[in-house]
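Q: Handing over data_6.txt, compact mmCIF, C-alpha atoms.
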# COMPACT_ATOMS: atom_id res chain seq x y z
CA MET T 1 0.01 74.44 21.66
CA ARG T 2 -2.50 74.71 18.82
CA PRO T 3 -1.01 75.26 15.37
CA ALA T 4 -1.31 78.72 13.92
CA THR T 5 -4.16 79.12 11.44
CA ASN T 6 -4.37 81.31 8.40
CA GLN T 7 -6.86 84.04 9.23
CA ARG T 8 -7.48 85.02 5.61
CA THR T 9 -10.80 83.89 4.24
CA ASN T 10 -10.48 81.68 1.20
CA PRO T 11 -13.32 82.71 -1.14
CA PHE T 12 -13.50 79.24 -2.68
CA VAL T 13 -13.86 77.63 0.75
CA ALA T 14 -16.72 80.04 1.40
CA LEU T 15 -18.21 79.04 -1.95
CA LEU T 16 -17.67 75.39 -1.06
CA ARG T 17 -19.72 75.82 2.10
CA ARG T 18 -22.61 77.18 0.04
CA LEU T 19 -22.37 74.44 -2.59
CA VAL T 20 -22.20 71.70 0.03
CA ALA T 21 -25.21 73.20 1.78
CA ALA T 22 -27.12 73.16 -1.51
CA GLY T 23 -26.11 69.63 -2.49
CA THR T 24 -28.20 69.73 -5.66
CA LEU T 25 -27.90 69.34 -9.40
CA VAL T 26 -27.86 73.14 -9.61
CA ALA T 27 -24.77 73.19 -7.37
CA LEU T 28 -23.04 70.58 -9.52
CA ALA T 29 -23.82 72.47 -12.72
CA PHE T 30 -22.77 75.77 -11.15
CA MET T 31 -19.35 74.35 -10.26
CA LEU T 32 -18.70 73.51 -13.89
CA PHE T 33 -18.91 77.20 -14.73
CA THR T 34 -17.32 78.76 -11.63
CA SER T 35 -14.13 76.71 -11.37
CA ILE T 36 -12.38 79.17 -13.69
CA GLY T 37 -8.92 80.12 -12.50
CA VAL T 38 -8.38 77.21 -10.13
CA CYS T 39 -5.28 75.95 -11.92
CA GLY T 40 -2.93 78.36 -10.21
CA GLU T 41 -4.58 78.28 -6.80
CA GLY T 42 -4.00 75.04 -4.89
CA ARG T 43 -6.41 75.78 -2.04
CA ASP T 44 -9.11 76.93 -4.46
CA GLU T 45 -8.73 73.82 -6.59
CA ALA T 46 -8.97 71.62 -3.50
CA ALA T 47 -12.19 73.36 -2.46
CA VAL T 48 -13.75 72.79 -5.87
CA LYS T 49 -12.67 69.12 -5.87
CA VAL T 50 -14.28 68.53 -2.47
CA ALA T 51 -17.50 70.20 -3.62
CA PHE T 52 -17.60 67.90 -6.65
CA LEU T 53 -16.93 64.82 -4.50
CA TYR T 54 -19.72 65.69 -2.08
CA ASN T 55 -22.21 66.37 -4.84
CA PHE T 56 -21.35 63.16 -6.69
CA PHE T 57 -22.89 61.25 -3.76
CA LYS T 58 -26.25 62.81 -4.62
CA PHE T 59 -26.40 61.31 -8.09
CA ILE T 60 -25.10 57.76 -7.58
CA ASP T 61 -27.01 54.70 -6.41
CA TRP T 62 -24.91 51.94 -4.85
CA PRO T 63 -25.83 48.25 -5.07
CA ALA T 64 -27.78 46.72 -2.21
CA GLY T 65 -24.65 45.08 -0.81
CA ALA T 66 -23.13 48.51 -0.15
CA ALA T 67 -26.01 49.68 2.06
CA THR T 68 -24.72 50.97 5.39
CA GLU T 69 -25.87 53.47 7.99
CA VAL T 70 -22.93 55.75 7.14
CA MET T 71 -21.69 56.92 3.73
CA THR T 72 -17.89 57.04 3.49
CA LEU T 73 -15.67 59.28 1.39
CA CYS T 74 -12.09 58.01 1.24
CA THR T 75 -9.04 59.76 -0.17
CA SER T 76 -5.50 58.72 -0.96
CA HIS T 77 -2.67 60.82 0.46
CA ASP T 78 -3.41 64.42 -0.50
CA PRO T 79 -2.54 67.08 2.10
CA SER T 80 -3.98 69.79 -0.14
CA LEU T 81 -7.51 68.50 0.56
CA THR T 82 -7.27 68.55 4.37
CA GLU T 83 -8.60 72.08 4.91
CA ALA T 84 -11.38 71.77 2.34
CA LEU T 85 -12.53 68.41 3.73
CA THR T 86 -13.26 70.01 7.12
CA VAL T 87 -16.30 71.63 5.50
CA LEU T 88 -17.89 68.18 5.29
CA ALA T 89 -17.86 67.64 9.05
CA GLY T 90 -21.37 66.85 10.24
CA LYS T 91 -22.81 66.63 6.72
CA THR T 92 -25.25 63.96 5.59
CA VAL T 93 -25.87 62.21 2.27
CA ASN T 94 -29.48 61.29 1.52
CA GLY T 95 -30.24 61.26 5.23
CA ARG T 96 -27.17 59.28 6.25
CA PRO T 97 -24.09 60.68 8.03
CA LEU T 98 -21.02 61.27 5.89
CA ARG T 99 -17.69 59.98 7.17
CA VAL T 100 -14.33 61.08 5.70
CA MET T 101 -11.28 58.80 5.78
CA GLN T 102 -8.00 60.31 4.54
CA ASP T 103 -4.82 58.43 3.58
CA ILE T 104 -6.89 55.30 3.13
CA ASP T 105 -5.15 51.98 3.66
CA PRO T 106 -5.74 49.64 0.68
CA ALA T 107 -7.00 47.02 3.10
CA ARG T 108 -9.89 49.34 4.06
CA ILE T 109 -11.10 50.26 0.58
CA GLY T 110 -14.03 47.91 1.13
CA HIS T 111 -15.38 50.48 3.62
CA CYS T 112 -15.44 53.25 1.01
CA HIS T 113 -18.43 54.37 -1.02
CA LEU T 114 -16.46 57.03 -2.92
CA LEU T 115 -12.67 56.70 -3.27
CA PHE T 116 -10.68 59.71 -4.51
CA LEU T 117 -7.24 58.85 -5.87
CA HIS T 118 -4.96 61.88 -6.14
CA ARG T 119 -2.43 61.90 -8.98
CA ASP T 120 0.51 62.59 -6.62
CA GLY T 121 -0.65 60.44 -3.72
CA VAL T 122 -0.75 56.99 -5.31
CA THR T 123 2.22 54.88 -6.39
CA ASP T 124 0.30 51.90 -7.79
CA ILE T 125 -2.98 53.10 -9.23
CA GLY T 126 -3.61 49.81 -11.04
CA HIS T 127 -3.45 47.81 -7.81
CA LEU T 128 -5.91 50.12 -6.05
CA LEU T 129 -8.33 50.00 -8.97
CA VAL T 130 -8.29 46.21 -8.88
CA ILE T 131 -9.14 46.28 -5.16
CA ALA T 132 -11.89 48.85 -5.75
CA ARG T 133 -13.47 46.73 -8.48
CA THR T 134 -14.02 43.91 -6.00
CA SER T 135 -15.70 46.30 -3.55
CA HIS T 136 -18.52 48.80 -3.89
CA ALA T 137 -16.25 51.85 -4.12
CA VAL T 138 -16.90 54.40 -6.85
CA THR T 139 -13.42 55.50 -7.88
CA VAL T 140 -12.67 59.14 -8.69
CA GLY T 141 -9.26 60.23 -9.92
CA ASP T 142 -7.57 63.37 -11.19
CA TYR T 143 -5.45 61.59 -13.80
CA PRO T 144 -5.93 62.61 -17.47
CA SER T 145 -6.60 58.99 -18.55
CA PHE T 146 -8.24 57.78 -15.34
CA ILE T 147 -11.46 56.45 -16.86
CA GLU T 148 -9.58 54.68 -19.64
CA SER T 149 -7.60 52.89 -16.91
CA GLY T 150 -10.78 51.49 -15.37
CA GLY T 151 -11.67 54.31 -12.97
CA ILE T 152 -15.32 55.40 -12.85
CA ILE T 153 -15.11 59.21 -12.63
CA GLY T 154 -12.27 61.37 -13.86
CA LEU T 155 -12.05 64.84 -12.31
CA ILE T 156 -9.68 66.70 -14.58
CA LYS T 157 -8.64 70.13 -15.77
CA ASN T 158 -9.98 71.47 -19.04
CA GLY T 159 -8.21 74.77 -19.56
CA ASN T 160 -8.90 76.72 -16.37
CA ARG T 161 -11.87 74.60 -15.29
CA LEU T 162 -12.34 71.35 -13.47
CA VAL T 163 -14.66 69.02 -15.36
CA PHE T 164 -15.60 65.39 -14.94
CA GLU T 165 -15.75 62.34 -17.19
CA ILE T 166 -17.55 59.07 -16.53
CA ASN T 167 -16.81 55.44 -17.39
CA LEU T 168 -20.41 54.28 -17.42
CA GLU T 169 -19.52 50.74 -18.46
CA GLN T 170 -17.24 50.29 -15.44
CA ALA T 171 -19.88 51.77 -13.14
CA ALA T 172 -22.43 49.25 -14.44
CA ARG T 173 -19.99 46.36 -13.98
CA GLN T 174 -19.68 47.27 -10.30
CA GLY T 175 -23.43 47.63 -9.89
CA HIS T 176 -23.60 51.43 -9.65
CA HIS T 177 -26.32 53.54 -11.22
CA ILE T 178 -25.40 57.12 -12.16
CA ASP T 179 -28.26 59.57 -12.55
CA ALA T 180 -29.00 60.72 -16.12
CA GLN T 181 -28.75 64.36 -15.06
CA MET T 182 -25.16 63.84 -13.91
CA LEU T 183 -24.37 62.07 -17.18
CA LYS T 184 -25.63 65.11 -19.09
CA LEU T 185 -23.23 67.37 -17.19
CA ALA T 186 -20.21 65.14 -17.83
CA ARG T 187 -17.72 66.34 -20.42
CA ARG T 188 -17.41 62.79 -21.75
CA VAL T 189 -19.06 59.44 -21.04
CA LEU T 190 -17.52 56.08 -21.92
CA ALA T 191 -20.18 53.47 -22.57
CA LYS T 192 -20.66 50.36 -24.68
CA SER T 193 -21.12 51.25 -28.33
CA SER T 194 -24.23 49.11 -28.40
CA GLU T 195 -26.39 47.42 -25.80
CA PRO T 196 -28.20 44.08 -26.18
CA GLY T 197 -31.55 44.60 -27.82
CA GLN T 198 -30.65 48.12 -29.00
Any chance you could put this one into structure tokens?

A:
Amino acid sequence: MRPATNQRTNPFVALLRRLVAAGTLVALAFMLFTSIGVCGEGRDEAAVKVAFLYNFFKFIDWPAGAATEVMTLCTSHDPSLTEALTVLAGKTVNGRPLRVMQDIDPARIGHCHLLFLHRDGVTDIGHLLVIARTSHAVTVGDYPSFIESGGIIGLIKNGNRLVFEINLEQAARQGHHIDAQMLKLARRVLAKSSEPGQ
């Protein structure tokens, strides 16, 4: 027997479908100003998170060693994302198919291009970050101090909005290039205070 489904249309899931279809800088910027009110709505917040995760792929270049025929989005245990992630079925990233792997086993982090670590779904964040640093995974977390802990992108609440922060220094250490347009949209960017030759 198939499980019963909720017949009500979630307006943020509908919005997510449009944002995923756009997959542009405009979509990413639009989310920064339309995620108002997500704090009290779990399904709505999940939809906005998934839209951010999908759009992040558009503005990150991975090192040559990470080149594969399929781009992979991995998540830690987070049942709240399951419905929203279905919107990504059949999607592509820069011409390559997008694969989603939920409840990722630490041993498989090396297969991930983007790794989302949910605040309630990880017991040892430090261990997973160490593993990710030895792979090509761009880590995204919804912890308030995620980027200070060595994560690359923090997806956090700022009042009633979801915003993102970037640890540019950690991204560079792992060989990732983040587009300047995405950096401009970030609430905060951690980078070296001075660069050689500057």

Q: With a distance cut-off of 6 Å and only C-alpha atoms, select the neighbouring residues of stretch 84-101 of chain T, excluding the residue or stretch itself and same-chain residues fewer than 3 positions from it, and output the selection as an MDAnalysis selection string.

A: chainID T and resid 47 70:74 81

Q: Please measure the separation of atom CA of T:Phe52 and atom CA of T:Phe164, giving the value in Å to one decimal.

A: 8.9 Å

Q: Rounded to one decimal place, report the atom CA of T:Arg173-atom CA of T:Thr134 distance in Å.

A: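 Atom-to-atom, atom CA of T:Arg173 to atom CA of T:Thr134, that is 10.3 Å.
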
Q: Compare T:Val48, T:Ile60, T:Ile153, T:Ile109 by their minimum atom-to-atom distance to T:Ala180, counting all atoms listed in the file, and give me the closest one.

A: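 Nearest to T:Ala180: T:Ile60.
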
Q: Considering only C-alpha atoms, state which residue in the set T:Val189, T:Ile125, T:Cys112, T:Ile131 is at the smallest distance from T:Ser149.

A: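 The answer is T:Ile125, which sits nearest to T:Ser149.
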